[in-house]
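Source file: protein.cif. Holds: mmCIF, C-alpha atoms.
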```
data_protein
loop_
_atom_site.label_atom_id
_atom_site.label_comp_id
_atom_site.auth_asym_id
_atom_site.auth_seq_id
_atom_site.Cartn_x
_atom_site.Cartn_y
_atom_site.Cartn_z
CA MET F 724 0.00 0.00 0.00
CA ARG F 725 1.35 3.40 -0.96
CA THR F 726 1.70 5.98 1.84
CA PRO F 727 0.21 9.48 1.45
CA PHE F 728 3.76 10.83 1.24
CA LYS F 729 4.67 8.52 -1.64
CA LEU F 730 1.42 9.32 -3.43
CA ALA F 731 2.14 13.05 -3.03
CA ILE F 732 5.64 12.55 -4.42
CA ALA F 733 4.31 10.62 -7.41
CA LEU F 734 1.71 13.29 -8.15
CA ALA F 735 4.23 16.08 -7.68
CA ALA F 736 6.60 14.33 -10.07
CA THR F 737 3.86 14.09 -12.67
CA LEU F 738 3.05 17.79 -12.28
CA ALA F 739 6.73 18.70 -12.37
CA ALA F 740 7.15 16.89 -15.67
CA ALA F 741 3.94 18.38 -17.07
CA TYR F 742 5.05 21.92 -16.24
CA GLY F 743 8.58 21.39 -17.47
CA ILE F 744 10.33 21.85 -14.13
CA ALA F 745 11.74 18.35 -13.86
CA ARG F 746 15.02 19.59 -15.33
CA SER F 747 15.70 21.34 -12.02
CA THR F 748 14.83 18.19 -10.15
CA PRO F 749 13.23 18.79 -6.74
CA HIS F 750 15.29 17.39 -3.88
CA TRP F 751 13.29 14.25 -3.25
CA PHE F 752 13.35 13.19 -6.93
CA ALA F 753 17.13 13.43 -7.24
CA PRO F 754 19.14 10.24 -6.56
CA PRO F 755 21.21 10.15 -3.36
CA GLN F 756 24.74 11.48 -3.76
CA GLN F 757 26.96 8.61 -2.68
CA ALA F 758 30.55 9.45 -1.78
CA GLU F 759 33.43 8.09 0.24
CA VAL F 760 34.40 10.43 3.10
CA ASP F 761 37.33 9.81 5.43
CA ILE F 762 35.80 10.70 8.78
CA HIS F 763 39.19 10.30 10.46
CA ASP F 764 41.02 12.88 8.32
CA PRO F 765 42.11 15.60 10.83
CA ALA F 766 42.20 18.37 8.21
CA LEU F 767 38.74 17.49 6.91
CA ILE F 768 37.38 17.34 10.46
CA GLU F 769 38.77 20.78 11.29
CA GLN F 770 37.28 22.21 8.11
CA GLY F 771 33.95 20.67 9.08
CA ARG F 772 34.20 22.11 12.58
CA TYR F 773 34.67 25.59 11.10
CA LEU F 774 31.78 25.12 8.67
CA SER F 775 29.50 23.81 11.44
CA ARG F 776 30.15 27.04 13.30
CA ALA F 777 29.50 29.10 10.19
CA ALA F 778 26.22 27.19 9.84
CA ASP F 779 25.41 27.78 13.54
CA CYS F 780 24.43 24.13 14.07
CA ALA F 781 25.02 24.28 17.83
CA ALA F 782 22.64 27.17 18.48
CA CYS F 783 19.60 25.19 17.36
CA HIS F 784 20.67 21.64 18.17
CA THR F 785 21.90 22.31 21.72
CA ALA F 786 19.33 23.09 24.41
CA PRO F 787 20.38 25.36 27.30
CA GLY F 788 22.03 23.05 29.84
CA GLY F 789 22.02 20.17 27.36
CA ARG F 790 24.78 18.16 25.70
CA PRO F 791 26.27 19.54 22.47
CA PHE F 792 24.18 18.75 19.38
CA ALA F 793 21.81 16.45 21.32
CA GLY F 794 18.76 18.53 20.40
CA GLY F 795 15.79 19.43 22.57
CA LEU F 796 15.72 23.17 21.92
CA GLY F 797 12.08 24.30 21.78
CA MET F 798 11.26 26.55 18.82
CA GLN F 799 8.05 28.54 18.78
CA THR F 800 6.02 28.54 15.55
CA PRO F 801 2.52 29.91 14.80
CA MET F 802 1.20 26.33 14.87
CA GLY F 803 3.00 24.93 17.89
CA THR F 804 6.43 24.01 19.22
CA LEU F 805 9.13 22.20 17.29
CA TYR F 806 12.05 20.61 19.10
CA SER F 807 15.46 20.40 17.47
CA THR F 808 16.74 16.90 16.87
CA ASN F 809 19.73 14.94 18.08
CA ILE F 810 22.49 15.26 15.44
CA THR F 811 25.23 13.49 17.39
CA PRO F 812 26.52 10.23 15.86
CA ASP F 813 24.49 8.07 18.25
CA THR F 814 23.20 5.20 16.11
CA GLU F 815 19.81 4.88 17.80
CA THR F 816 18.68 8.42 18.64
CA GLY F 817 21.01 10.55 16.52
CA ILE F 818 22.47 10.40 13.02
CA GLY F 819 25.04 7.67 13.60
CA ALA F 820 23.30 5.38 11.09
CA TYR F 821 23.44 8.02 8.34
CA ASP F 822 25.78 7.35 5.45
CA TYR F 823 27.03 10.33 3.46
CA ALA F 824 24.08 10.18 1.07
CA ASP F 825 21.62 10.33 3.99
CA PHE F 826 23.50 13.27 5.50
CA GLU F 827 23.65 15.19 2.23
CA ARG F 828 19.94 14.68 1.61
CA ALA F 829 19.07 15.94 5.09
CA VAL F 830 21.30 19.02 4.99
CA ARG F 831 20.78 20.20 1.42
CA ARG F 832 17.46 18.65 0.45
CA GLY F 833 15.50 18.52 3.70
CA ILE F 834 14.84 14.77 3.62
CA ARG F 835 15.17 12.56 6.71
CA HIS F 836 16.85 9.16 6.87
CA ASP F 837 13.41 7.52 6.53
CA GLY F 838 12.51 9.55 3.44
CA GLN F 839 10.17 11.97 5.19
CA PRO F 840 10.57 15.73 4.57
CA LEU F 841 11.98 17.92 7.33
CA TYR F 842 10.15 20.94 8.65
CA PRO F 843 11.53 24.17 7.16
CA ALA F 844 12.74 25.22 10.60
CA MET F 845 15.82 23.40 9.32
CA PRO F 846 17.31 25.97 6.90
CA TYR F 847 17.95 23.52 4.08
CA ALA F 848 16.55 26.08 1.65
CA SER F 849 19.74 28.06 2.39
CA TYR F 850 22.13 25.13 2.88
CA VAL F 851 21.27 23.84 -0.60
CA ILE F 852 23.92 26.14 -2.12
CA ALA F 853 26.70 24.63 0.01
CA SER F 854 29.30 22.82 -2.10
CA ASP F 855 29.90 19.06 -2.13
CA ALA F 856 33.28 19.66 -0.48
CA GLU F 857 31.63 21.60 2.36
CA ILE F 858 29.01 18.90 2.97
CA LYS F 859 31.72 16.22 3.03
CA ALA F 860 33.70 18.21 5.59
CA LEU F 861 30.60 18.64 7.75
CA TYR F 862 29.92 14.91 7.56
CA ALA F 863 33.49 14.12 8.62
CA TYR F 864 33.20 16.45 11.60
CA PHE F 865 29.86 15.18 12.87
CA MET F 866 30.76 11.52 12.40
CA GLY F 867 34.42 11.73 13.40
CA ALA F 868 34.63 14.37 16.14
CA VAL F 869 31.23 14.97 17.78
CA GLN F 870 30.59 12.86 20.86
CA PRO F 871 27.55 10.57 20.53
CA VAL F 872 24.74 11.26 22.98
CA ARG F 873 21.80 8.96 23.54
CA GLN F 874 18.81 11.28 23.79
CA ASP F 875 15.43 10.62 22.22
CA ASN F 876 13.94 13.30 20.02
CA ALA F 877 10.85 15.07 21.31
CA ASP F 878 7.64 15.20 19.31
CA SER F 879 6.34 18.58 18.21
CA THR F 880 3.19 20.04 19.74
CA ILE F 881 1.77 20.95 16.33
CA PRO F 882 -1.72 19.42 16.24
CA TRP F 883 -3.11 17.11 13.58
CA PRO F 884 -3.55 17.61 10.64
CA ALA F 885 -0.98 20.41 10.51
CA ASN F 886 1.70 18.02 11.80
CA MET F 887 1.46 15.70 8.79
CA ARG F 888 4.72 15.69 6.89
CA TRP F 889 3.62 14.67 3.40
CA PRO F 890 2.31 18.16 2.50
CA LEU F 891 5.85 19.42 3.09
CA ALA F 892 6.78 17.73 -0.18
CA TRP F 893 4.62 20.32 -1.92
CA TRP F 894 6.18 23.10 0.14
CA GLN F 895 9.61 21.95 -0.96
CA LEU F 896 8.47 21.81 -4.59
CA LEU F 897 7.30 25.41 -4.36
CA PHE F 898 9.89 27.02 -2.11
CA ALA F 899 12.98 24.81 -1.73
CA ARG F 900 13.82 23.71 -5.23
CA PRO F 901 17.46 22.94 -6.10
CA ARG F 902 19.66 25.92 -6.83
CA SER F 903 23.28 26.88 -6.63
CA PHE F 904 25.05 30.07 -5.65
CA SER F 905 24.85 32.63 -8.46
CA PRO F 906 27.79 35.03 -8.37
CA ASP F 907 26.92 38.68 -8.95
CA PRO F 908 29.38 40.10 -11.52
CA THR F 909 29.04 43.56 -10.00
CA LEU F 910 30.62 42.39 -6.72
CA ASP F 911 34.32 41.90 -6.06
CA ALA F 912 35.77 38.63 -4.79
CA GLY F 913 35.44 39.57 -1.11
CA GLN F 914 31.81 40.62 -1.47
CA GLN F 915 31.11 37.42 -3.42
CA ARG F 916 32.47 35.38 -0.51
CA GLY F 917 30.28 37.38 1.86
CA ALA F 918 27.22 36.79 -0.31
CA GLU F 919 27.89 33.05 -0.42
CA LEU F 920 28.15 32.87 3.37
CA VAL F 921 25.15 35.10 4.06
CA GLU F 922 22.89 33.31 1.55
CA GLY F 923 24.18 29.82 2.33
CA LEU F 924 25.70 28.27 5.44
CA ALA F 925 25.24 31.35 7.66
CA HIS F 926 21.57 31.39 6.51
CA CYS F 927 21.05 34.98 7.65
CA GLY F 928 17.85 35.20 5.65
CA ALA F 929 16.21 32.49 7.76
CA CYS F 930 15.71 35.10 10.49
CA HIS F 931 16.21 38.44 8.76
CA THR F 932 14.02 37.98 5.65
CA PRO F 933 10.22 38.40 5.84
CA ARG F 934 8.14 35.23 5.56
CA GLY F 935 5.12 34.62 3.37
CA LEU F 936 1.82 32.94 4.22
CA ALA F 937 3.38 29.51 3.77
CA PHE F 938 6.27 30.45 6.08
CA GLN F 939 8.58 30.69 3.09
CA GLU F 940 11.30 33.30 2.90
CA LYS F 941 10.13 35.93 0.42
CA ALA F 942 13.60 36.06 -1.15
CA MET F 943 16.59 33.73 -0.89
CA ALA F 944 19.07 36.23 -2.32
CA ASP F 945 19.20 39.90 -3.24
CA ASP F 946 16.86 40.38 -6.17
CA GLY F 947 14.68 43.08 -7.63
CA SER F 948 12.20 42.86 -4.76
CA ARG F 949 14.84 43.96 -2.23
CA GLN F 950 13.03 41.98 0.47
CA PHE F 951 16.07 39.84 1.24
CA LEU F 952 17.34 40.66 4.75
CA SER F 953 14.83 43.51 5.19
CA GLY F 954 13.80 42.34 8.68
CA SER F 955 11.36 39.82 10.14
CA VAL F 956 9.80 38.70 13.43
CA LEU F 957 10.40 35.19 14.79
CA GLU F 958 9.51 33.98 18.29
CA GLY F 959 8.69 37.54 19.26
CA TRP F 960 12.14 38.87 18.29
CA TYR F 961 12.56 41.32 15.45
CA ALA F 962 15.56 40.20 13.41
CA LYS F 963 16.62 43.62 12.23
CA ASN F 964 16.78 44.98 8.73
CA LEU F 965 20.29 44.34 7.38
CA ARG F 966 19.97 46.42 4.23
CA ASN F 967 21.84 49.68 3.84
CA GLU F 968 18.99 52.01 4.78
CA GLN F 969 18.00 54.25 7.65
CA THR F 970 16.42 51.58 9.88
CA GLY F 971 18.96 48.98 8.77
CA LEU F 972 22.73 49.27 8.56
CA ALA F 973 23.03 52.80 7.16
CA SER F 974 24.40 54.04 10.49
CA TRP F 975 26.85 51.11 10.81
CA SER F 976 30.38 51.02 9.37
CA GLU F 977 31.94 47.82 8.02
CA ALA F 978 34.27 47.81 11.04
CA GLU F 979 31.32 47.99 13.44
CA ILE F 980 29.59 45.06 11.72
CA VAL F 981 32.77 42.98 11.98
CA GLU F 982 33.21 43.91 15.65
CA PHE F 983 29.58 43.07 16.40
CA LEU F 984 29.79 39.67 14.73
CA ARG F 985 33.12 38.89 16.43
CA THR F 986 32.27 40.03 19.97
CA GLY F 987 28.54 40.67 20.17
CA ARG F 988 29.13 44.34 20.98
CA THR F 989 30.18 47.67 19.61
CA ASP F 990 30.56 51.00 21.36
CA ARG F 991 26.86 51.61 20.63
CA SER F 992 25.13 48.25 20.52
CA ALA F 993 25.03 44.75 21.97
CA ALA F 994 23.61 41.44 20.81
CA PHE F 995 20.69 39.98 22.74
CA GLY F 996 18.03 37.32 22.25
CA GLY F 997 18.64 34.98 19.34
CA MET F 998 21.49 37.08 17.99
CA ALA F 999 23.45 36.58 21.22
CA ASP F 1000 23.27 32.84 20.54
CA VAL F 1001 24.47 33.37 16.96
CA VAL F 1002 27.52 35.30 18.16
CA GLU F 1003 28.20 32.87 20.98
CA HIS F 1004 27.96 29.69 18.91
CA SER F 1005 28.87 30.90 15.44
CA THR F 1006 30.25 34.22 14.32
CA GLN F 1007 32.84 34.71 17.07
CA TYR F 1008 34.70 31.73 15.57
CA LEU F 1009 34.77 32.95 11.97
CA SER F 1010 37.96 34.27 10.43
CA ASP F 1011 38.56 38.00 10.11
CA ALA F 1012 38.49 37.59 6.33
CA ASP F 1013 35.05 35.94 6.38
CA LEU F 1014 33.62 38.48 8.82
CA LEU F 1015 34.87 41.36 6.67
CA ALA F 1016 33.48 39.67 3.56
CA MET F 1017 30.04 39.43 5.19
CA ALA F 1018 30.19 43.05 6.36
CA ARG F 1019 31.21 44.32 2.92
CA TYR F 1020 28.42 42.34 1.26
CA LEU F 1021 25.79 43.65 3.69
CA LYS F 1022 26.91 47.26 3.32
CA GLN F 1023 26.44 47.18 -0.44
CA LEU F 1024 22.82 45.95 -0.28
CA PRO F 1025 20.73 48.80 -1.71
CA ALA F 1026 17.89 50.39 0.23
CA ARG F 1027 14.31 49.45 -0.57
CA GLU F 1028 12.30 51.77 -2.75
CA GLY F 1029 11.29 54.88 -0.85
CA ARG F 1030 13.91 54.30 1.84
CA SER F 1031 16.95 56.48 2.38
CA ALA F 1032 20.44 55.02 2.28
CA GLN F 1033 21.42 57.60 4.92
CA TRP F 1034 20.41 57.91 8.54
CA THR F 1035 20.07 61.48 9.73
CA PRO F 1036 19.31 61.99 13.43
CA GLY F 1037 16.92 64.69 14.53
CA THR F 1038 17.67 67.41 17.07
CA ASP F 1039 18.51 66.20 20.57
CA THR F 1040 16.38 68.09 23.09
CA THR F 1041 16.17 65.13 25.46
CA THR F 1042 19.56 65.28 27.17
CA ALA F 1043 19.12 68.84 28.40
CA ALA F 1044 15.56 68.15 29.56
CA LEU F 1045 16.56 65.09 31.61
CA ARG F 1046 19.57 66.81 33.13
CA GLY F 1047 17.43 69.82 33.97
CA GLY F 1048 14.70 67.74 35.61
CA ASP F 1049 12.10 68.47 32.90
CA TYR F 1050 9.86 65.40 32.79
CA ARG F 1051 6.89 66.77 30.89
CA VAL F 1052 7.28 64.27 28.01
CA ALA F 1053 5.38 61.04 28.71
CA GLY F 1054 7.74 58.26 29.78
CA SER F 1055 10.64 60.58 30.65
CA LEU F 1056 10.20 60.35 34.42
CA ALA F 1057 9.90 56.55 34.30
CA TYR F 1058 13.01 56.45 32.10
CA ALA F 1059 14.90 58.49 34.70
CA GLU F 1060 13.73 56.10 37.44
CA HIS F 1061 14.41 52.78 35.74
CA CYS F 1062 16.83 53.26 32.83
CA GLN F 1063 18.95 56.37 33.20
CA ALA F 1064 21.47 54.93 35.67
CA CYS F 1065 22.83 52.62 32.97
CA HIS F 1066 21.86 54.21 29.68
CA ARG F 1067 22.56 57.78 30.87
CA ALA F 1068 20.71 61.03 30.37
CA ASP F 1069 22.30 61.46 26.96
CA GLY F 1070 21.20 57.94 25.90
CA ARG F 1071 24.76 56.95 25.07
CA GLY F 1072 25.19 54.28 27.75
CA MET F 1073 28.73 53.09 28.37
CA PRO F 1074 30.76 51.73 25.43
CA ARG F 1075 30.81 47.91 25.34
CA VAL F 1076 29.02 47.70 28.69
CA TYR F 1077 25.60 49.38 28.50
CA PRO F 1078 24.27 49.73 24.94
CA ALA F 1079 23.47 53.19 23.66
CA LEU F 1080 19.84 54.05 23.01
CA ALA F 1081 20.68 57.17 21.01
CA GLY F 1082 21.43 56.34 17.38
CA ASN F 1083 21.01 52.59 17.93
CA SER F 1084 19.14 51.27 14.88
CA ILE F 1085 17.43 48.45 16.80
CA VAL F 1086 15.83 51.12 19.01
CA PHE F 1087 14.15 52.92 16.11
CA ALA F 1088 13.61 49.80 13.99
CA ASP F 1089 10.46 49.51 11.90
CA ASP F 1090 9.14 46.88 14.31
CA PRO F 1091 9.64 47.41 18.08
CA SER F 1092 9.14 43.74 19.03
CA SER F 1093 12.73 43.11 20.14
CA LEU F 1094 12.81 46.30 22.17
CA VAL F 1095 9.56 45.34 23.90
CA GLN F 1096 10.66 41.78 24.61
CA VAL F 1097 14.10 42.61 25.99
CA THR F 1098 12.55 45.27 28.22
CA LEU F 1099 10.06 42.75 29.59
CA THR F 1100 12.39 39.78 30.02
CA GLY F 1101 15.86 41.27 30.20
CA GLY F 1102 18.84 40.02 28.27
CA ARG F 1103 22.52 39.20 28.39
CA THR F 1104 25.48 39.83 26.18
CA PRO F 1105 27.03 36.71 24.63
CA HIS F 1106 29.94 34.91 26.23
CA THR F 1107 32.91 35.19 23.88
CA ALA F 1108 36.68 34.98 24.01
CA HIS F 1109 36.92 38.67 23.15
CA ASP F 1110 35.46 40.22 26.34
CA ARG F 1111 36.38 39.19 29.85
CA MET F 1112 32.93 39.99 31.24
CA ALA F 1113 29.36 39.47 30.03
CA PHE F 1114 26.63 41.82 31.22
CA THR F 1115 22.99 41.22 32.04
CA MET F 1116 20.00 43.55 31.78
CA PRO F 1117 17.15 42.93 34.23
CA GLY F 1118 13.60 42.53 32.99
CA PHE F 1119 10.84 45.02 33.85
CA GLU F 1120 7.78 42.82 33.52
CA GLN F 1121 6.57 44.15 36.88
CA LEU F 1122 5.78 47.52 35.31
CA PRO F 1123 2.26 48.06 33.92
CA ASN F 1124 1.72 47.97 30.18
CA ALA F 1125 0.91 51.66 29.90
CA GLN F 1126 4.10 52.70 31.68
CA LEU F 1127 6.26 50.37 29.58
CA ALA F 1128 4.63 51.68 26.42
CA ASP F 1129 5.39 55.26 27.47
CA ILE F 1130 9.02 54.46 28.30
CA LEU F 1131 9.62 52.70 24.99
CA THR F 1132 7.89 55.39 22.96
CA PHE F 1133 10.04 57.97 24.75
CA ILE F 1134 13.23 56.01 23.97
CA ARG F 1135 12.28 55.54 20.31
CA ASN F 1136 11.78 59.29 19.88
CA SER F 1137 14.53 60.84 21.99
CA TRP F 1138 18.13 62.00 21.36
CA GLY F 1139 17.34 62.39 17.66
CA ASN F 1140 15.71 58.95 17.27
CA GLN F 1141 12.55 58.93 15.19
CA ALA F 1142 10.13 55.99 15.23
CA SER F 1143 6.52 54.94 15.70
CA ALA F 1144 4.95 54.78 19.15
CA VAL F 1145 4.74 51.60 21.22
CA THR F 1146 1.19 50.93 22.45
CA GLU F 1147 -0.23 49.12 25.46
CA LEU F 1148 -1.51 46.51 23.01
CA ASP F 1149 2.05 45.92 21.75
CA VAL F 1150 3.22 45.25 25.30
CA ALA F 1151 0.24 43.03 26.14
CA ARG F 1152 0.78 41.00 22.96
CA MET F 1153 4.44 40.49 23.82
CA ARG F 1154 3.56 39.36 27.33
CA ARG F 1155 1.51 36.55 25.73
CA VAL F 1156 4.40 35.60 23.44
CA VAL F 1157 6.77 35.41 26.40
CA ARG F 1158 4.24 33.45 28.45
CA ASP F 1159 3.86 30.87 25.68
CA LYS F 1160 7.58 30.31 25.14
CA PRO F 1161 8.24 26.55 25.05
CA ALA F 1162 10.29 24.72 27.63
CA HIS F 1163 13.41 22.98 26.34
CA VAL F 1164 14.00 19.23 26.54
CA VAL F 1165 17.24 18.13 28.18
CA PRO F 1166 18.26 14.73 29.63
#
```

Encoding of this model in structure tokens:
Amino acid sequence: MRTPFKLAIALAATLAAAYGIARSTPHWFAPPQQAEVDIHDPALIEQGRYLSRAADCAACHTAPGGRPFAGGLGMQTPMGTLYSTNITPDTETGIGAYDYADFERAVRRGIRHDGQPLYPAMPYASYVIASDAEIKALYAYFMGAVQPVRQDNADSTIPWPANMRWPLAWWQLLFARPRSFSPDPTLDAGQQRGAELVEGLAHCGACHTPRGLAFQEKAMADDGSRQFLSGSVLEGWYAKNLRNEQTGLASWSEAEIVEFLRTGRTDRSAAFGGMADVVEHSTQYLSDADLLAMARYLKQLPAREGRSAQWTPGTDTTTAALRGGDYRVAGSLAYAEHCQACHRADGRGMPRVYPALAGNSIVFADDPSSLVQVTLTGGRTPHTAHDRMAFTMPGFEQLPNAQLADILTFIRNSWGNQASAVTELDVARMRRVVRDKPAHVVP
């Protein structure tokens, strides 16, 4: 008897042939790519270790307090919670039984060992452009250097029928078809390397590109739509706009981007939320050349239509008012009570310790979700080898919604910042998001 998944594949294959798209064979039609990989080759293992960090495998496949790569990290989706899987070489609960063909199909095509499609929380739509040599190095690292951990994978909480996997074959046909990296002839070699990292293994678009109704990224590379890396909300965090425009990276230099990716901080900003995990597990380990390549690629991304490629601050009337005890603007008194001791009356904070609020593009971002969430729950800077101390911001969930909304609106429109207001509804909505955050699964 044919399973629904196999029937869907057969029908999709028929449609693919009928519409002439079989030439770019969807992942699950293509034959497995068999190859011999020496999983004991030290050089190949070290290359794979580096690439696994570029791909940020640990951030998703390691739960807080859990064993490396053993899975169990809960990921919030609109339909329920997904838990990352065990990708250690344990033969029963991990990927120890995977040969190279199984591994390649999972990473680049989104197909499990048993032939079922993976949820697109796995960024295989980005990893598909990774080269054969890179996938072989990754395989050598995971099979030859990662310690096996016996830990069963947790089931998702997505209810039936949304949890059925066979419809994902259609999703892959529509949104994750095979492709390779397409060099842009207008970019130099360094920018090309940055583009390949950003679009591929680093999968920046998985968080920073808006999603469509089917949860697909609206662009997988910079194209005429200019939606790639223009900002998106996931799990209540706003992954900021990375294009070179006023609410994106227009106010950032290439050196600041490199410093942020290497250390999680600059003199003005600090990583928090999901980006702190990215720095901690991934970008702090990348070479200076790769970090600069990524920064140079991001800085050349053109602004969207109607957006300025320059950020021009307004007049700062806030500093003098706060220092003079003028609290007539809504939220200013509460800011002085709860925020000013660290972030200062001039909103400049303390370099590499307390992030600036003045001129910080995440503060006046198009979407205030990250600002609201970090104010409610607090945050911490990432632990890296580049700073001797990590710093923590307390949460202010004890404050009423109206007061938090006033404080955040004040911050988003002070010291020359210019942004939309934060409402009580915004704060109440974020409280629900925080309340519904999934617990992680650890042994």

Could you tell me which residues the PyMOL selection byres ((chain F and resi 1067-1072) around 12) returns for this structure, as a VMD selection string?
-> chain F and resid 989 to 993 1039 to 1050 1055 to 1056 1058 to 1066 1073 to 1083 1086 1133 to 1140

How about saving the chosen residues, C-alpha atoms kept, as a PDB file, in the coordinates of the input?
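Writing done, so here's part33.pdb:
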```pdb
ATOM      1  CA  THR F 989      30.180  47.670  19.610  1.00  0.00           C
ATOM      2  CA  ASP F 990      30.560  51.000  21.360  1.00  0.00           C
ATOM      3  CA  ARG F 991      26.860  51.610  20.630  1.00  0.00           C
ATOM      4  CA  SER F 992      25.130  48.250  20.520  1.00  0.00           C
ATOM      5  CA  ALA F 993      25.030  44.750  21.970  1.00  0.00           C
ATOM      6  CA  ASP F1039      18.510  66.200  20.570  1.00  0.00           C
ATOM      7  CA  THR F1040      16.380  68.090  23.090  1.00  0.00           C
ATOM      8  CA  THR F1041      16.170  65.130  25.460  1.00  0.00           C
ATOM      9  CA  THR F1042      19.560  65.280  27.170  1.00  0.00           C
ATOM     10  CA  ALA F1043      19.120  68.840  28.400  1.00  0.00           C
ATOM     11  CA  ALA F1044      15.560  68.150  29.560  1.00  0.00           C
ATOM     12  CA  LEU F1045      16.560  65.090  31.610  1.00  0.00           C
ATOM     13  CA  ARG F1046      19.570  66.810  33.130  1.00  0.00           C
ATOM     14  CA  GLY F1047      17.430  69.820  33.970  1.00  0.00           C
ATOM     15  CA  GLY F1048      14.700  67.740  35.610  1.00  0.00           C
ATOM     16  CA  ASP F1049      12.100  68.470  32.900  1.00  0.00           C
ATOM     17  CA  TYR F1050       9.860  65.400  32.790  1.00  0.00           C
ATOM     18  CA  SER F1055      10.640  60.580  30.650  1.00  0.00           C
ATOM     19  CA  LEU F1056      10.200  60.350  34.420  1.00  0.00           C
ATOM     20  CA  TYR F1058      13.010  56.450  32.100  1.00  0.00           C
ATOM     21  CA  ALA F1059      14.900  58.490  34.700  1.00  0.00           C
ATOM     22  CA  GLU F1060      13.730  56.100  37.440  1.00  0.00           C
ATOM     23  CA  HIS F1061      14.410  52.780  35.740  1.00  0.00           C
ATOM     24  CA  CYS F1062      16.830  53.260  32.830  1.00  0.00           C
ATOM     25  CA  GLN F1063      18.950  56.370  33.200  1.00  0.00           C
ATOM     26  CA  ALA F1064      21.470  54.930  35.670  1.00  0.00           C
ATOM     27  CA  CYS F1065      22.830  52.620  32.970  1.00  0.00           C
ATOM     28  CA  HIS F1066      21.860  54.210  29.680  1.00  0.00           C
ATOM     29  CA  MET F1073      28.730  53.090  28.370  1.00  0.00           C
ATOM     30  CA  PRO F1074      30.760  51.730  25.430  1.00  0.00           C
ATOM     31  CA  ARG F1075      30.810  47.910  25.340  1.00  0.00           C
ATOM     32  CA  VAL F1076      29.020  47.700  28.690  1.00  0.00           C
ATOM     33  CA  TYR F1077      25.600  49.380  28.500  1.00  0.00           C
ATOM     34  CA  PRO F1078      24.270  49.730  24.940  1.00  0.00           C
ATOM     35  CA  ALA F1079      23.470  53.190  23.660  1.00  0.00           C
ATOM     36  CA  LEU F1080      19.840  54.050  23.010  1.00  0.00           C
ATOM     37  CA  ALA F1081      20.680  57.170  21.010  1.00  0.00           C
ATOM     38  CA  GLY F1082      21.430  56.340  17.380  1.00  0.00           C
ATOM     39  CA  ASN F1083      21.010  52.590  17.930  1.00  0.00           C
ATOM     40  CA  VAL F1086      15.830  51.120  19.010  1.00  0.00           C
ATOM     41  CA  PHE F1133      10.040  57.970  24.750  1.00  0.00           C
ATOM     42  CA  ILE F1134      13.230  56.010  23.970  1.00  0.00           C
ATOM     43  CA  ARG F1135      12.280  55.540  20.310  1.00  0.00           C
ATOM     44  CA  ASN F1136      11.780  59.290  19.880  1.00  0.00           C
ATOM     45  CA  SER F1137      14.530  60.840  21.990  1.00  0.00           C
ATOM     46  CA  TRP F1138      18.130  62.000  21.360  1.00  0.00           C
ATOM     47  CA  GLY F1139      17.340  62.390  17.660  1.00  0.00           C
ATOM     48  CA  ASN F1140      15.710  58.950  17.270  1.00  0.00           C
TER      49      ASN F1140
END
```

All residues 12 Å or closer to Glu769 in chain F, all atoms listed in the file, same chain fewer than 5 positions away omitted, as a list in words = Ile762, His763, Asp764, Leu774, Ser775, Arg776, Glu857, Lys859, Ala860, Leu861, Tyr862, Ala863, Tyr864, Phe865, Gly867, Ala868 and Val869 of chain F

At what distance in Å, to one decimal, does CA of Gly797 in chain F lie from CA of Arg1111 in chain F?
->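 Going from CA of Arg1111 in chain F over to CA of Gly797 in chain F, I get 29.6 Å.
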
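Take CA of Arg828 in chain F and CA of Gln756 in chain F: the distance between them is 7.9 Å.
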
Apply the PyMOL selection byres ((chain F and resi 1023-1026) around 10) to the file shown and report the selected residues as a VMD selection string.
-> chain F and resid 910 914 945 949 to 953 965 to 973 1018 to 1022 1027 to 1033

With the file shown as input, list the residues that the PyMOL selection byres ((chain F and resi 941) around 12) selects, as a VMD selection string.
-> chain F and resid 848 897 to 899 928 to 940 942 to 955

Find, counting only C-alpha atoms, the residue in F:Asp825, F:Asp855, F:Asp907, F:Glu958 that gets nearest to Pro1161 in chain F.
->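 Nearest to Pro1161 in chain F: F:Glu958.
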
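Excluding Thr1132 in chain F and any residue on its chain fewer than 6 positions from it, the residues at most 10 Å away by all atoms listed in the file are Ala1053, Gly1054, Ser1055, Val1086, Phe1087, Pro1091, Gln1126, Gln1141, Ala1142, Ser1143, Ala1144, Val1145 and Thr1146 of chain F.
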
Which of these residues is nearest to Ala844 in chain F, using all atoms listed in the file: F:Ala994, F:Leu957, F:Ala1113, F:Leu924?
-> F:Leu957
